[in-house]
>>> print(open('target36.txt').read())   # compact mmCIF, N, CA, C and O atoms
# COMPACT_ATOMS: atom_id res chain seq x y z
N MET P 1 0.84 -1.18 0.00
CA MET P 1 0.00 0.00 0.00
C MET P 1 0.90 1.25 0.00
O MET P 1 1.90 1.29 0.69
N ARG P 2 0.50 2.24 -0.76
CA ARG P 2 1.27 3.50 -0.82
C ARG P 2 0.69 4.47 0.20
O ARG P 2 -0.49 4.79 0.15
N VAL P 3 1.57 4.95 1.11
CA VAL P 3 1.15 5.80 2.22
C VAL P 3 1.91 7.13 2.16
O VAL P 3 3.14 7.13 2.05
N LEU P 4 1.16 8.22 2.24
CA LEU P 4 1.77 9.55 2.30
C LEU P 4 1.66 10.07 3.72
O LEU P 4 0.58 10.12 4.29
N LEU P 5 2.81 10.46 4.30
CA LEU P 5 2.84 11.04 5.64
C LEU P 5 2.76 12.55 5.54
O LEU P 5 3.53 13.18 4.79
N ASP P 6 1.85 13.13 6.28
CA ASP P 6 1.71 14.58 6.37
C ASP P 6 3.00 15.15 6.95
O ASP P 6 3.72 14.49 7.70
N GLU P 7 3.27 16.41 6.64
CA GLU P 7 4.51 17.01 7.13
C GLU P 7 4.50 17.23 8.64
O GLU P 7 5.56 17.47 9.23
N CYS P 8 3.36 17.09 9.30
CA CYS P 8 3.30 17.22 10.75
C CYS P 8 3.78 15.95 11.46
O CYS P 8 3.92 15.94 12.69
N LEU P 9 4.05 14.90 10.70
CA LEU P 9 4.53 13.64 11.29
C LEU P 9 6.04 13.51 11.08
O LEU P 9 6.55 13.94 10.05
N PRO P 10 6.72 12.87 12.03
CA PRO P 10 8.17 12.69 11.85
C PRO P 10 8.45 11.69 10.73
O PRO P 10 7.76 10.67 10.60
N ARG P 11 9.43 11.97 9.92
CA ARG P 11 9.73 11.09 8.79
C ARG P 11 10.19 9.71 9.25
O ARG P 11 10.06 8.73 8.54
N ARG P 12 10.70 9.61 10.49
CA ARG P 12 11.13 8.31 11.02
C ARG P 12 9.95 7.35 11.20
O ARG P 12 10.15 6.15 11.33
N LEU P 13 8.74 7.86 11.18
CA LEU P 13 7.56 7.01 11.29
C LEU P 13 7.47 6.03 10.11
O LEU P 13 6.91 4.95 10.23
N LYS P 14 8.09 6.38 8.99
CA LYS P 14 8.09 5.51 7.82
C LYS P 14 8.66 4.14 8.15
O LYS P 14 8.20 3.13 7.63
N ARG P 15 9.64 4.10 9.04
CA ARG P 15 10.28 2.83 9.42
C ARG P 15 9.30 1.87 10.09
O ARG P 15 9.50 0.67 10.06
N GLU P 16 8.27 2.40 10.69
CA GLU P 16 7.27 1.59 11.38
C GLU P 16 6.26 0.98 10.41
O GLU P 16 5.52 0.09 10.77
N LEU P 17 6.22 1.48 9.19
CA LEU P 17 5.23 1.04 8.21
C LEU P 17 5.77 -0.10 7.35
O LEU P 17 5.78 -0.03 6.12
N VAL P 18 6.19 -1.15 8.01
CA VAL P 18 6.80 -2.30 7.36
C VAL P 18 5.82 -2.91 6.36
O VAL P 18 4.65 -3.10 6.65
N GLY P 19 6.34 -3.16 5.16
CA GLY P 19 5.52 -3.76 4.12
C GLY P 19 4.74 -2.77 3.28
O GLY P 19 3.99 -3.17 2.40
N HIS P 20 4.91 -1.49 3.56
CA HIS P 20 4.20 -0.45 2.81
C HIS P 20 5.21 0.51 2.20
O HIS P 20 6.30 0.70 2.72
N ASP P 21 4.84 1.12 1.10
CA ASP P 21 5.66 2.13 0.43
C ASP P 21 5.25 3.49 0.98
O ASP P 21 4.19 4.01 0.62
N ALA P 22 6.06 4.03 1.89
CA ALA P 22 5.71 5.28 2.55
C ALA P 22 6.63 6.41 2.10
O ALA P 22 7.84 6.22 1.97
N ARG P 23 6.03 7.57 1.89
CA ARG P 23 6.76 8.79 1.52
C ARG P 23 6.22 9.92 2.39
O ARG P 23 5.10 9.85 2.89
N THR P 24 7.00 10.99 2.50
CA THR P 24 6.53 12.16 3.23
C THR P 24 6.14 13.24 2.23
O THR P 24 6.62 13.25 1.08
N ALA P 25 5.29 14.16 2.67
CA ALA P 25 4.89 15.26 1.79
C ALA P 25 6.11 16.06 1.31
O ALA P 25 6.21 16.36 0.12
N PRO P 26 7.07 16.39 2.21
CA PRO P 26 8.25 17.11 1.72
C PRO P 26 9.06 16.32 0.69
O PRO P 26 9.57 16.91 -0.27
N GLU P 27 9.15 15.00 0.84
CA GLU P 27 9.87 14.19 -0.15
C GLU P 27 9.22 14.29 -1.53
O GLU P 27 9.90 14.21 -2.55
N MET P 28 7.92 14.45 -1.54
CA MET P 28 7.19 14.55 -2.79
C MET P 28 7.22 15.97 -3.35
O MET P 28 6.68 16.22 -4.43
N GLY P 29 7.81 16.91 -2.62
CA GLY P 29 7.83 18.30 -3.06
C GLY P 29 6.53 19.02 -2.72
O GLY P 29 6.22 20.05 -3.31
N TRP P 30 5.78 18.48 -1.77
CA TRP P 30 4.48 19.03 -1.42
C TRP P 30 4.45 19.69 -0.05
O TRP P 30 3.39 19.82 0.57
N ALA P 31 5.59 20.12 0.45
CA ALA P 31 5.62 20.81 1.74
C ALA P 31 4.85 22.11 1.63
O ALA P 31 4.81 22.75 0.58
N SER P 32 4.19 22.48 2.70
CA SER P 32 3.44 23.74 2.82
C SER P 32 2.19 23.80 1.93
O SER P 32 1.63 24.88 1.76
N LYS P 33 1.77 22.68 1.36
CA LYS P 33 0.52 22.68 0.60
C LYS P 33 -0.65 22.69 1.58
O LYS P 33 -0.58 22.09 2.64
N ARG P 34 -1.71 23.35 1.24
CA ARG P 34 -2.92 23.34 2.07
C ARG P 34 -3.57 21.97 1.99
O ARG P 34 -3.39 21.26 1.00
N ASN P 35 -4.33 21.61 3.01
CA ASN P 35 -4.88 20.27 3.10
C ASN P 35 -5.67 19.83 1.86
O ASN P 35 -5.50 18.73 1.37
N GLY P 36 -6.53 20.69 1.34
CA GLY P 36 -7.32 20.32 0.16
C GLY P 36 -6.45 20.02 -1.04
O GLY P 36 -6.64 19.01 -1.74
N GLU P 37 -5.49 20.87 -1.29
CA GLU P 37 -4.57 20.67 -2.41
C GLU P 37 -3.72 19.42 -2.19
O GLU P 37 -3.51 18.63 -3.11
N LEU P 38 -3.27 19.24 -0.95
CA LEU P 38 -2.43 18.08 -0.62
C LEU P 38 -3.22 16.78 -0.81
O LEU P 38 -2.70 15.82 -1.38
N LEU P 39 -4.45 16.75 -0.36
CA LEU P 39 -5.27 15.55 -0.53
C LEU P 39 -5.52 15.25 -2.01
O LEU P 39 -5.49 14.09 -2.43
N ALA P 40 -5.75 16.28 -2.80
CA ALA P 40 -5.96 16.09 -4.25
C ALA P 40 -4.71 15.51 -4.91
O ALA P 40 -4.79 14.59 -5.72
N LEU P 41 -3.55 16.05 -4.55
CA LEU P 41 -2.29 15.53 -5.09
C LEU P 41 -2.05 14.10 -4.64
O LEU P 41 -1.69 13.24 -5.43
N ALA P 42 -2.26 13.86 -3.35
CA ALA P 42 -2.01 12.53 -2.77
C ALA P 42 -2.92 11.47 -3.39
O ALA P 42 -2.49 10.34 -3.62
N ALA P 43 -4.16 11.83 -3.66
CA ALA P 43 -5.13 10.87 -4.20
C ALA P 43 -4.71 10.32 -5.56
O ALA P 43 -5.12 9.22 -5.94
N ARG P 44 -3.87 11.05 -6.28
CA ARG P 44 -3.40 10.59 -7.59
C ARG P 44 -2.42 9.43 -7.47
O ARG P 44 -2.36 8.58 -8.35
N ASP P 45 -1.58 9.44 -6.40
CA ASP P 45 -0.47 8.49 -6.31
C ASP P 45 -0.48 7.59 -5.08
O ASP P 45 0.35 6.69 -4.99
N PHE P 46 -1.36 7.86 -4.11
CA PHE P 46 -1.31 7.14 -2.84
C PHE P 46 -2.66 6.53 -2.48
O PHE P 46 -3.70 6.98 -2.96
N ASP P 47 -2.60 5.52 -1.63
CA ASP P 47 -3.81 4.86 -1.14
C ASP P 47 -4.28 5.46 0.17
O ASP P 47 -5.47 5.50 0.46
N VAL P 48 -3.32 5.92 0.99
CA VAL P 48 -3.61 6.41 2.35
C VAL P 48 -2.84 7.69 2.62
O VAL P 48 -1.66 7.80 2.28
N PHE P 49 -3.53 8.64 3.26
CA PHE P 49 -2.89 9.86 3.75
C PHE P 49 -2.88 9.75 5.27
O PHE P 49 -3.93 9.60 5.89
N LEU P 50 -1.70 9.80 5.86
CA LEU P 50 -1.52 9.64 7.30
C LEU P 50 -1.18 10.99 7.91
O LEU P 50 -0.27 11.67 7.45
N THR P 51 -1.92 11.38 8.95
CA THR P 51 -1.73 12.69 9.57
C THR P 51 -1.96 12.62 11.07
O THR P 51 -2.53 11.65 11.57
N ALA P 52 -1.58 13.67 11.76
CA ALA P 52 -1.90 13.83 13.19
C ALA P 52 -2.86 15.01 13.35
O ALA P 52 -3.20 15.38 14.47
N ASP P 53 -3.29 15.59 12.24
CA ASP P 53 -4.17 16.76 12.24
C ASP P 53 -5.61 16.32 12.54
O ASP P 53 -6.32 15.86 11.65
N ARG P 54 -6.03 16.47 13.77
CA ARG P 54 -7.37 16.04 14.20
C ARG P 54 -8.47 16.90 13.60
O ARG P 54 -9.63 16.51 13.59
N ASN P 55 -8.13 18.07 13.11
CA ASN P 55 -9.12 18.98 12.54
C ASN P 55 -9.37 18.76 11.05
O ASN P 55 -10.28 19.36 10.48
N LEU P 56 -8.57 17.94 10.43
CA LEU P 56 -8.66 17.74 8.98
C LEU P 56 -10.07 17.37 8.54
O LEU P 56 -10.60 17.93 7.58
N SER P 57 -10.70 16.46 9.24
CA SER P 57 -12.04 16.02 8.81
C SER P 57 -13.09 17.10 8.99
O SER P 57 -14.16 17.03 8.37
N TYR P 58 -12.81 18.10 9.80
CA TYR P 58 -13.74 19.22 9.97
C TYR P 58 -13.48 20.31 8.92
O TYR P 58 -14.36 21.08 8.58
N GLN P 59 -12.25 20.35 8.41
CA GLN P 59 -11.86 21.38 7.46
C GLN P 59 -12.05 20.95 6.01
O GLN P 59 -12.15 21.79 5.13
N GLN P 60 -12.06 19.64 5.77
CA GLN P 60 -12.15 19.13 4.40
C GLN P 60 -13.27 18.10 4.27
O GLN P 60 -13.52 17.34 5.20
N ASP P 61 -13.89 18.06 3.12
CA ASP P 61 -14.85 17.00 2.82
C ASP P 61 -14.05 15.83 2.27
O ASP P 61 -13.80 15.73 1.06
N VAL P 62 -13.62 14.98 3.17
CA VAL P 62 -12.73 13.87 2.81
C VAL P 62 -13.39 12.93 1.80
O VAL P 62 -12.71 12.32 0.97
N SER P 63 -14.71 12.85 1.81
CA SER P 63 -15.41 11.96 0.88
C SER P 63 -15.22 12.39 -0.58
O SER P 63 -15.46 11.60 -1.49
N ALA P 64 -14.76 13.61 -0.79
CA ALA P 64 -14.54 14.11 -2.15
C ALA P 64 -13.21 13.63 -2.74
O ALA P 64 -12.94 13.86 -3.92
N PHE P 65 -12.40 12.96 -1.93
CA PHE P 65 -11.07 12.53 -2.37
C PHE P 65 -10.98 11.02 -2.41
O PHE P 65 -11.44 10.34 -1.49
N ASN P 66 -10.38 10.49 -3.44
CA ASN P 66 -10.23 9.04 -3.59
C ASN P 66 -8.98 8.56 -2.86
O ASN P 66 -8.04 8.04 -3.46
N ILE P 67 -8.97 8.78 -1.55
CA ILE P 67 -7.85 8.36 -0.71
C ILE P 67 -8.38 8.14 0.70
O ILE P 67 -9.31 8.83 1.13
N ALA P 68 -7.84 7.15 1.38
CA ALA P 68 -8.20 6.92 2.79
C ALA P 68 -7.37 7.87 3.64
O ALA P 68 -6.20 8.10 3.37
N VAL P 69 -7.99 8.43 4.66
CA VAL P 69 -7.30 9.33 5.58
C VAL P 69 -7.25 8.65 6.94
O VAL P 69 -8.29 8.23 7.46
N VAL P 70 -6.04 8.54 7.50
CA VAL P 70 -5.87 7.95 8.82
C VAL P 70 -5.26 9.02 9.72
O VAL P 70 -4.23 9.60 9.41
N VAL P 71 -5.96 9.28 10.84
CA VAL P 71 -5.53 10.29 11.80
C VAL P 71 -4.96 9.57 13.03
O VAL P 71 -5.66 8.75 13.65
N LEU P 72 -3.72 9.87 13.35
CA LEU P 72 -3.09 9.31 14.54
C LEU P 72 -3.34 10.23 15.72
O LEU P 72 -3.07 11.44 15.64
N VAL P 73 -3.85 9.68 16.81
CA VAL P 73 -4.13 10.46 18.01
C VAL P 73 -3.19 9.97 19.11
O VAL P 73 -3.33 8.85 19.60
N ALA P 74 -2.24 10.81 19.47
CA ALA P 74 -1.26 10.48 20.51
C ALA P 74 -1.03 11.73 21.35
O ALA P 74 -1.54 12.82 21.04
N GLN P 75 -0.24 11.58 22.39
CA GLN P 75 0.04 12.71 23.27
C GLN P 75 0.70 13.85 22.51
O GLN P 75 0.45 15.02 22.78
N SER P 76 1.55 13.51 21.56
CA SER P 76 2.20 14.51 20.70
C SER P 76 2.50 13.85 19.36
O SER P 76 2.21 12.67 19.17
N ASN P 77 3.10 14.60 18.45
CA ASN P 77 3.47 14.01 17.17
C ASN P 77 4.94 13.60 17.15
O ASN P 77 5.50 13.39 16.08
N ARG P 78 5.54 13.44 18.32
CA ARG P 78 6.92 12.94 18.40
C ARG P 78 6.93 11.43 18.15
O ARG P 78 5.98 10.73 18.49
N ILE P 79 8.01 10.95 17.58
CA ILE P 79 8.10 9.53 17.22
C ILE P 79 7.91 8.63 18.43
O ILE P 79 7.28 7.57 18.34
N ASP P 80 8.41 9.02 19.61
CA ASP P 80 8.26 8.19 20.81
C ASP P 80 6.80 8.06 21.23
O ASP P 80 6.42 7.04 21.81
N ASP P 81 5.98 9.05 20.95
CA ASP P 81 4.56 8.98 21.27
C ASP P 81 3.77 8.24 20.18
O ASP P 81 2.72 7.65 20.46
N LEU P 82 4.25 8.29 18.96
CA LEU P 82 3.54 7.66 17.84
C LEU P 82 3.89 6.19 17.65
O LEU P 82 3.04 5.39 17.23
N ARG P 83 5.11 5.81 17.99
CA ARG P 83 5.57 4.44 17.78
C ARG P 83 4.63 3.39 18.41
O ARG P 83 4.36 2.37 17.77
N PRO P 84 4.10 3.60 19.63
CA PRO P 84 3.19 2.59 20.19
C PRO P 84 1.91 2.38 19.38
O PRO P 84 1.25 1.35 19.52
N LEU P 85 1.57 3.33 18.51
CA LEU P 85 0.38 3.18 17.67
C LEU P 85 0.64 2.32 16.43
O LEU P 85 -0.30 1.93 15.73
N ALA P 86 1.90 2.02 16.15
CA ALA P 86 2.27 1.33 14.91
C ALA P 86 1.56 0.00 14.71
O ALA P 86 1.04 -0.24 13.60
N PRO P 87 1.48 -0.89 15.69
CA PRO P 87 0.78 -2.16 15.44
C PRO P 87 -0.69 -1.96 15.04
O PRO P 87 -1.17 -2.58 14.09
N ARG P 88 -1.37 -1.08 15.73
CA ARG P 88 -2.78 -0.81 15.41
C ARG P 88 -2.88 -0.12 14.05
O ARG P 88 -3.79 -0.40 13.26
N LEU P 89 -1.96 0.79 13.77
CA LEU P 89 -1.94 1.47 12.47
C LEU P 89 -1.78 0.47 11.33
O LEU P 89 -2.52 0.53 10.34
N LEU P 90 -0.84 -0.44 11.45
CA LEU P 90 -0.62 -1.44 10.41
C LEU P 90 -1.88 -2.28 10.18
O LEU P 90 -2.21 -2.62 9.05
N GLU P 91 -2.56 -2.60 11.26
CA GLU P 91 -3.81 -3.34 11.17
C GLU P 91 -4.88 -2.52 10.44
O GLU P 91 -5.60 -3.04 9.59
N MET P 92 -4.96 -1.24 10.75
CA MET P 92 -5.99 -0.36 10.18
C MET P 92 -5.72 -0.04 8.71
O MET P 92 -6.67 0.22 7.97
N LEU P 93 -4.47 -0.02 8.30
CA LEU P 93 -4.17 0.31 6.90
C LEU P 93 -4.86 -0.66 5.95
O LEU P 93 -5.30 -0.26 4.87
N ALA P 94 -4.97 -1.91 6.35
CA ALA P 94 -5.58 -2.91 5.48
C ALA P 94 -7.08 -2.68 5.27
O ALA P 94 -7.63 -3.10 4.26
N THR P 95 -7.73 -2.00 6.21
CA THR P 95 -9.18 -1.83 6.12
C THR P 95 -9.62 -0.38 5.94
O THR P 95 -10.81 -0.11 5.84
N ALA P 96 -8.67 0.55 5.90
CA ALA P 96 -9.02 1.97 5.75
C ALA P 96 -9.74 2.18 4.42
O ALA P 96 -9.31 1.69 3.39
N LYS P 97 -10.85 2.89 4.48
CA LYS P 97 -11.68 3.12 3.29
C LYS P 97 -11.37 4.46 2.63
O LYS P 97 -11.25 5.47 3.31
N ARG P 98 -11.31 4.43 1.33
CA ARG P 98 -11.11 5.67 0.56
C ARG P 98 -12.31 6.58 0.77
O ARG P 98 -13.45 6.12 0.84
N GLY P 99 -12.03 7.87 0.91
CA GLY P 99 -13.10 8.83 1.10
C GLY P 99 -13.62 8.90 2.53
O GLY P 99 -14.65 9.50 2.77
N ALA P 100 -12.88 8.28 3.45
CA ALA P 100 -13.32 8.27 4.85
C ALA P 100 -12.11 8.48 5.77
O ALA P 100 -10.97 8.28 5.36
N VAL P 101 -12.41 8.88 7.00
CA VAL P 101 -11.38 9.09 8.01
C VAL P 101 -11.41 7.94 9.00
O VAL P 101 -12.47 7.56 9.49
N THR P 102 -10.23 7.40 9.28
CA THR P 102 -10.08 6.37 10.29
C THR P 102 -9.19 6.95 11.38
O THR P 102 -8.15 7.54 11.09
N ILE P 103 -9.62 6.79 12.63
CA ILE P 103 -8.85 7.30 13.78
C ILE P 103 -8.10 6.14 14.41
O ILE P 103 -8.69 5.08 14.65
N VAL P 104 -6.82 6.36 14.67
CA VAL P 104 -6.00 5.36 15.38
C VAL P 104 -5.48 6.02 16.65
O VAL P 104 -4.78 7.02 16.59
N ARG P 105 -5.87 5.44 17.78
CA ARG P 105 -5.40 5.98 19.06
C ARG P 105 -4.97 4.84 19.95
O ARG P 105 -5.30 3.68 19.67
N ALA P 106 -4.26 5.17 20.99
CA ALA P 106 -3.74 4.15 21.91
C ALA P 106 -4.88 3.46 22.63
O ALA P 106 -5.94 3.96 22.80
>>> encode(input="target36.txt", output="structure tokens")
Amino acid sequence: MRVLLDECLPRRLKRELVGHDARTAPEMGWASKRNGELLALAARDFDVFLTADRNLSYQQDVSAFNIAVVVLVAQSNRIDDLRPLAPRLLEMLATAKRGAVTIVRA
């Protein structure tokens, strides 16, 4: 599965996504893009958009984009706080639906 990490997530999180092709927004040249534009770009090349932005689903009509959105909810967006979510995240990636938001929390 192709996964795009939002720029609010540490790039080291890619190491936790074993078995998936993960890239970061800055790696794709999409740093500082607004959420709507970023989702439109991501939907062309990725299956899942991974973020820690809890407000995304309130700011964007995710159903308008052909990409699954997964929101990580942790104490912070530091790798040490996100790493414990990795097993549940890997499980959720297989069932995340395009055009919908899936929440992953501890």
>>> residues_around(input="target36.txt", residues="Leu56 in chain P", least_positions_apart="2", cutoff="10 Å", atoms="only C-alpha atoms", output="PDB file with N, CA, C and O atoms, keeping the file's coordinate frame")
ATOM      1  N   ASN P  35      -4.330  21.610   3.010  1.00  0.00           N
ATOM      2  CA  ASN P  35      -4.880  20.270   3.100  1.00  0.00           C
ATOM      3  C   ASN P  35      -5.670  19.830   1.860  1.00  0.00           C
ATOM      4  O   ASN P  35      -5.500  18.730   1.370  1.00  0.00           O
ATOM      5  N   GLY P  36      -6.530  20.690   1.340  1.00  0.00           N
ATOM      6  CA  GLY P  36      -7.320  20.320   0.160  1.00  0.00           C
ATOM      7  C   GLY P  36      -6.450  20.020  -1.040  1.00  0.00           C
ATOM      8  O   GLY P  36      -6.640  19.010  -1.740  1.00  0.00           O
ATOM      9  N   THR P  51      -1.920  11.380   8.950  1.00  0.00           N
ATOM     10  CA  THR P  51      -1.730  12.690   9.570  1.00  0.00           C
ATOM     11  C   THR P  51      -1.960  12.620  11.070  1.00  0.00           C
ATOM     12  O   THR P  51      -2.530  11.650  11.570  1.00  0.00           O
ATOM     13  N   ALA P  52      -1.580  13.670  11.760  1.00  0.00           N
ATOM     14  CA  ALA P  52      -1.900  13.830  13.190  1.00  0.00           C
ATOM     15  C   ALA P  52      -2.860  15.010  13.350  1.00  0.00           C
ATOM     16  O   ALA P  52      -3.200  15.380  14.470  1.00  0.00           O
ATOM     17  N   ASP P  53      -3.290  15.590  12.240  1.00  0.00           N
ATOM     18  CA  ASP P  53      -4.170  16.760  12.240  1.00  0.00           C
ATOM     19  C   ASP P  53      -5.610  16.320  12.540  1.00  0.00           C
ATOM     20  O   ASP P  53      -6.320  15.860  11.650  1.00  0.00           O
ATOM     21  N   ARG P  54      -6.030  16.470  13.770  1.00  0.00           N
ATOM     22  CA  ARG P  54      -7.370  16.040  14.200  1.00  0.00           C
ATOM     23  C   ARG P  54      -8.470  16.900  13.600  1.00  0.00           C
ATOM     24  O   ARG P  54      -9.630  16.510  13.590  1.00  0.00           O
ATOM     25  N   TYR P  58     -12.810  18.100   9.800  1.00  0.00           N
ATOM     26  CA  TYR P  58     -13.740  19.220   9.970  1.00  0.00           C
ATOM     27  C   TYR P  58     -13.480  20.310   8.920  1.00  0.00           C
ATOM     28  O   TYR P  58     -14.360  21.080   8.580  1.00  0.00           O
ATOM     29  N   GLN P  59     -12.250  20.350   8.410  1.00  0.00           N
ATOM     30  CA  GLN P  59     -11.860  21.380   7.460  1.00  0.00           C
ATOM     31  C   GLN P  59     -12.050  20.950   6.010  1.00  0.00           C
ATOM     32  O   GLN P  59     -12.150  21.790   5.130  1.00  0.00           O
ATOM     33  N   GLN P  60     -12.060  19.640   5.770  1.00  0.00           N
ATOM     34  CA  GLN P  60     -12.150  19.130   4.400  1.00  0.00           C
ATOM     35  C   GLN P  60     -13.270  18.100   4.270  1.00  0.00           C
ATOM     36  O   GLN P  60     -13.520  17.340   5.200  1.00  0.00           O
ATOM     37  N   ASP P  61     -13.890  18.060   3.120  1.00  0.00           N
ATOM     38  CA  ASP P  61     -14.850  17.000   2.820  1.00  0.00           C
ATOM     39  C   ASP P  61     -14.050  15.830   2.270  1.00  0.00           C
ATOM     40  O   ASP P  61     -13.800  15.730   1.060  1.00  0.00           O
ATOM     41  N   VAL P  62     -13.620  14.980   3.170  1.00  0.00           N
ATOM     42  CA  VAL P  62     -12.730  13.870   2.810  1.00  0.00           C
ATOM     43  C   VAL P  62     -13.390  12.930   1.800  1.00  0.00           C
ATOM     44  O   VAL P  62     -12.710  12.320   0.970  1.00  0.00           O
ATOM     45  N   VAL P  69      -7.990   8.430   4.660  1.00  0.00           N
ATOM     46  CA  VAL P  69      -7.300   9.330   5.580  1.00  0.00           C
ATOM     47  C   VAL P  69      -7.250   8.650   6.940  1.00  0.00           C
ATOM     48  O   VAL P  69      -8.290   8.230   7.460  1.00  0.00           O
ATOM     49  N   VAL P  71      -5.960   9.280  10.840  1.00  0.00           N
ATOM     50  CA  VAL P  71      -5.530  10.290  11.800  1.00  0.00           C
ATOM     51  C   VAL P  71      -4.960   9.570  13.030  1.00  0.00           C
ATOM     52  O   VAL P  71      -5.660   8.750  13.650  1.00  0.00           O
ATOM     53  N   VAL P 101     -12.410   8.880   7.000  1.00  0.00           N
ATOM     54  CA  VAL P 101     -11.380   9.090   8.010  1.00  0.00           C
ATOM     55  C   VAL P 101     -11.410   7.940   9.000  1.00  0.00           C
ATOM     56  O   VAL P 101     -12.470   7.560   9.490  1.00  0.00           O
TER      57      VAL P 101
END
>>> select_by_dssp(input="target36.txt", residues="chain P", states="strand (DSSP E)", output="list in words")
Arg2, Val3, Leu4, Leu5, Asp21, Ala22, Arg23, Thr24, Val48, Phe49, Leu50, Thr51, Ala68, Val69, Val70, Val71, Leu72, Val73, Val101, Thr102, Ile103, Val104 and Arg105 of chain P
>>> atom_distance(input="target36.txt", atom1="atom O of Ala100 in chain P", atom2="atom N of Leu5 in chain P")
14.0 Å
>>> closest_residue(input="target36.txt", among="P:Lys97, P:Arg23, P:Arg11, P:Arg2", to="Asp45 in chain P", atoms="only N, CA, C and O atoms")
P:Arg2
>>> select_by_dssp(input="target36.txt", residues="chain P", states="alpha helix (DSSP H)", output="VMD selection string")
chain P and resid 35 to 45 56 to 59 79 to 82 86 to 93
>>> residues_near_point(input="target36.txt", point="(-2.2, 5.6, 14.1)", cutoff="4.5 Å", atoms="only N, CA, C and O atoms", output="NGL selection string")
:P and (72 or 85 or 89 or 104)
>>> atom_distance(input="target36.txt", atom1="atom O of Leu39 in chain P", atom2="CA of Ala25 in chain P")
11.3 Å
>>> closest_residue(input="target36.txt", among="P:Lys33, P:Leu41, P:Ser76, P:Ser57", to="Pro10 in chain P", atoms="only C-alpha atoms")
P:Ser76
>>> atom_distance(input="target36.txt", atom1="CA of Thr24 in chain P", atom2="atom N of Leu38 in chain P")
12.8 Å
>>> residues_around(input="target36.txt", residues="Asn66 in chain P", least_positions_apart="6", cutoff="5 Å", atoms="only N, CA, C and O atoms", output="list in words")
Ala43, Phe46, Arg98 and Gly99 of chain P
